[in-house]
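A.B. asks: First the structure, then my questions, so here it is.
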Amino acid sequence: MHLAAHFPGVNNTTVWADPRSGSQIDFSSFEHLARTAERGSFDFFFLAEGLRLREHNGRIHDLDVLGRPESLTVLAALAAVTDRLGLAATVNATFNEPYELARRLATLDHLSEGRAAWNVVTSFDAFTGENFRRGGYLDRADRYTRAAEFVATARELWDTWTPDGTPRPFAHRGQHFAIEGEFTVPRSPQGHPVVIQAGDSPDGREFAASTADIVFTRHGTLESGRAFYADVKARLAKYGREPDQLKIMPGVTFVLGDSDAEAQERAAEIRRRQVSPQNALLALEQVWGRDLSAYDPDGPLPGIDPDPGSSLVQGRVRHGDPLAVAARWRALSEEKGLSIRQTVIETTGRQSFIGSPRTVAEQLTEFVAADAADGFILVPHLTPGGLDDFVDRVVPLLQERGVFRSEYGGPTLRSHLGLAEPVWKG
């Protein structure tokens with residue numbers, strides 16, 4: 001089983017009202033979570049990133065306004081206070097250039113002695129692109145073709161230095177990039193940093209199968225996890241890859257208690273705190289695309305239909321067809337007699353694993369044994385101490401079962417993941 005720790009940078013899960021909740025920009029927060037993950041022998045620390053604060057009806061509404069520092073800078077600092085933990089940065093392939101980003105990632109891999117990873121994300125929205133010189137707009141159909149060429153170009157650059165330390169010139173001509181010159185950073189300890197990918201569309205799955213070492217997915221139930229796992233793993237053969245060359249790791253949440261009943265009570269309270277009456281209406285507006293501020297969050301869902309073309313919410317992805325989502329929510333609300341707030345609590349961001357430490361250890365083990373995942377990226381609801389109980393109470397049980405390492409077996413992230421160093425293609 002592989003485990004990673006997620007430090008939220010774009011999220012709606014953190015319970016900021018909890019007195020134990022800390023800063024999302026003070027280095028001490030990053031250090032605490034990273035040291036906890038390393039104490040638990042986790043594979044890597046995963047840092048999310050957002051390039052613009054989200055807006056709702058023309059005003060900033062973002063649950064991370066305490067700050068979103070630049071990912072690679074934070075990880076470079078963490079390299080100095082950790083020894084074995086992998087360091088994964090989310091960096092956008094739409095708003096960066098291959099030469100510059102390849103240098104930064106190779107540098108991190110050197111500074112950390114082989115622990116760097118890159119979570120490749122894409123963007124097509126002009127709202128985020130307004131922060132960038134060229135406007136950043138990219139047709140939806142082009143975002144994965146650019147990302148695929150971006151990663152391939154970065155790998156060409158990493159391979160321009162021979163394993164014995166000799167630099168060679170490069171020249172790349174493609175649809176999105178035409179560059180040539182000499183790369184400044186010698187081949188790094190891993191050969192190439194580990195590549196993570198998070199897209200779930202058919203194009204995203206194909207990109208993952210052809211390119212990624214890890215898939216970060218949101219399929220957190222056993223049934224959907226098994227379907228996703230089987231689909232993506234089946235795509236590998238056409239690229240000459242074996243199933244164990246791609247690790248599938250869903251992002252999951254957890255709630256622990258001394259008993260299963262106590263954990264369920266805690267989980268319900270956490271969801272109530274995550275979805276305040278105001279946030280329930282805002283979550284509803286993200287689906288409906290309409291101003292619903294006049295509605296009572298403790299009352300029924302709106303009778304009007306969503307506006308599929310709405311720009312009320314900026315910077316958030318609207319998952320699925322709004323009309324279809326609204327229909328499912330109405331059916332659930334009518335079946336169970338749920339209010340707006342109760343419906344949002346029921347349908348959004350529920351905890352993946354709830355129970356005593358032993359129950360959660362059993363659930364995690366079952367997922368991996370059933371080919372629903374190769375491991376998990378844990379998303380705590382508290383920053384930065386939300387992982388402490390898991391490391392202290394669940395990890396020892398996983399180790400006792402023999403499904404998780406008791407100590408690191410090698411120095412690099414690739415060694416943690418059981419991935420071979422890429423063959424040099426100079």
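Just remember, in the structure tokens the first chain shown is A, the second B, etc., residues are 1-based per chain, and ligands are 1-based in the order shown.
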If you run DSSP on the backbone here, which positions in region 140-317 of chain A get helix (DSSP H, G or I)? Please write them as a PyMOL selection string.
C.D. replies: chain A and resi 140-158+202-211+222-234+237-239+243-245+260-274+277-288
A.B. asks: Show which residues sit within 12 Å of Val423 (chain A), as a ChimeraX atom specification. Count only C-alpha atoms, and ignore same-chain residues fewer than 5 positions away.
C.D. replies: /A:155-156,158-159,162-163,187,190-192
A.B. asks: Export, as a short mmCIF file (atom, residue, chain, number, x, y, z; two decimals), in the first residue's frame, the selected residues with N, CA and C atoms.
C.D. replies:
data_model
loop_
_atom_site.label_atom_id
_atom_site.label_comp_id
_atom_site.auth_asym_id
_atom_site.auth_seq_id
_atom_site.Cartn_x
_atom_site.Cartn_y
_atom_site.Cartn_z
N ARG A 155 11.05 15.85 -20.45
CA ARG A 155 11.85 14.63 -20.39
C ARG A 155 13.01 14.67 -21.38
N GLU A 156 12.80 15.28 -22.55
CA GLU A 156 13.90 15.46 -23.48
C GLU A 156 15.01 16.30 -22.85
N TRP A 158 15.62 16.70 -19.59
CA TRP A 158 16.28 15.95 -18.51
C TRP A 158 17.27 14.93 -19.08
N ASP A 159 17.02 14.47 -20.31
CA ASP A 159 17.89 13.47 -20.92
C ASP A 159 19.05 14.07 -21.71
N THR A 162 24.12 13.28 -20.08
CA THR A 162 24.35 11.85 -20.00
C THR A 162 24.47 11.43 -18.54
N PRO A 163 24.25 10.15 -18.23
CA PRO A 163 24.40 9.69 -16.85
C PRO A 163 25.79 9.94 -16.26
N ARG A 187 21.82 15.59 -15.04
CA ARG A 187 20.81 14.55 -14.81
C ARG A 187 20.64 14.36 -13.31
N GLN A 190 16.94 10.88 -9.70
CA GLN A 190 15.93 9.93 -10.16
C GLN A 190 15.94 9.76 -11.67
N GLY A 191 16.81 10.47 -12.39
CA GLY A 191 16.74 10.50 -13.84
C GLY A 191 15.70 11.49 -14.29
N HIS A 192 14.45 11.24 -13.97
CA HIS A 192 13.33 12.16 -14.16
C HIS A 192 12.56 12.25 -12.85
#
A.B. asks: Would you mind listing what lies within 12 Å of Lys247 (chain A) as a PyMOL selection string, with only C-alpha atoms counted and same-chain residues fewer than 3 positions away left out?
C.D. replies: chain A and resi 1-4+43+194-198+208-209+211-217+229+232-233+236+242-244+250+368+371-377+414+416-419
A.B. asks: Determine, for each residue of region 85-143 of chain A having at least one atom at most 10 Å from an atom of region 169-183 of chain A, the closest pair of atoms and their separation in Å to one decimal, counting only C-alpha atoms; order by chain and ascending number, as CSV.
C.D. replies:
residue,atom,partner,partner_atom,distance
A:Glu97,CA,A:Phe177,CA,8.6
A:Pro98,CA,A:Phe177,CA,8.3
A:Tyr99,CA,A:Phe183,CA,7.7
A:Glu100,CA,A:Phe183,CA,9.7
A:Ala102,CA,A:Phe183,CA,9.0
A:Arg103,CA,A:Phe183,CA,7.8
A:Asp142,CA,A:His176,CA,9.5
A.B. asks: Show which residues sit within 7 Å of Ala88 (chain A), as a ChimeraX atom specification. Count only C-alpha atoms, and ignore same-chain residues fewer than 3 positions away.
C.D. replies: /A:44-47,116-119
A.B. asks: Can you list, as a VMD selection string, every protein, DNA or RNA residue that comes within 12 Å of Arg146 (chain A) when you count only C-alpha atoms, leaving out same-chain residues fewer than 5 positions away?
C.D. replies: chain A and resid 92 to 98 120 to 124 138 to 141 151 to 153 174 to 177 207
A.B. asks: Looking at only C-alpha atoms, which of A:Asn131, A:Thr82, A:Thr160, A:Thr221 is the one that sits closest to Val185 (chain A)?
C.D. replies: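 Between A:Asn131, A:Thr82, A:Thr160, A:Thr221, the residue approaching Val185 (chain A) most closely is A:Thr160.
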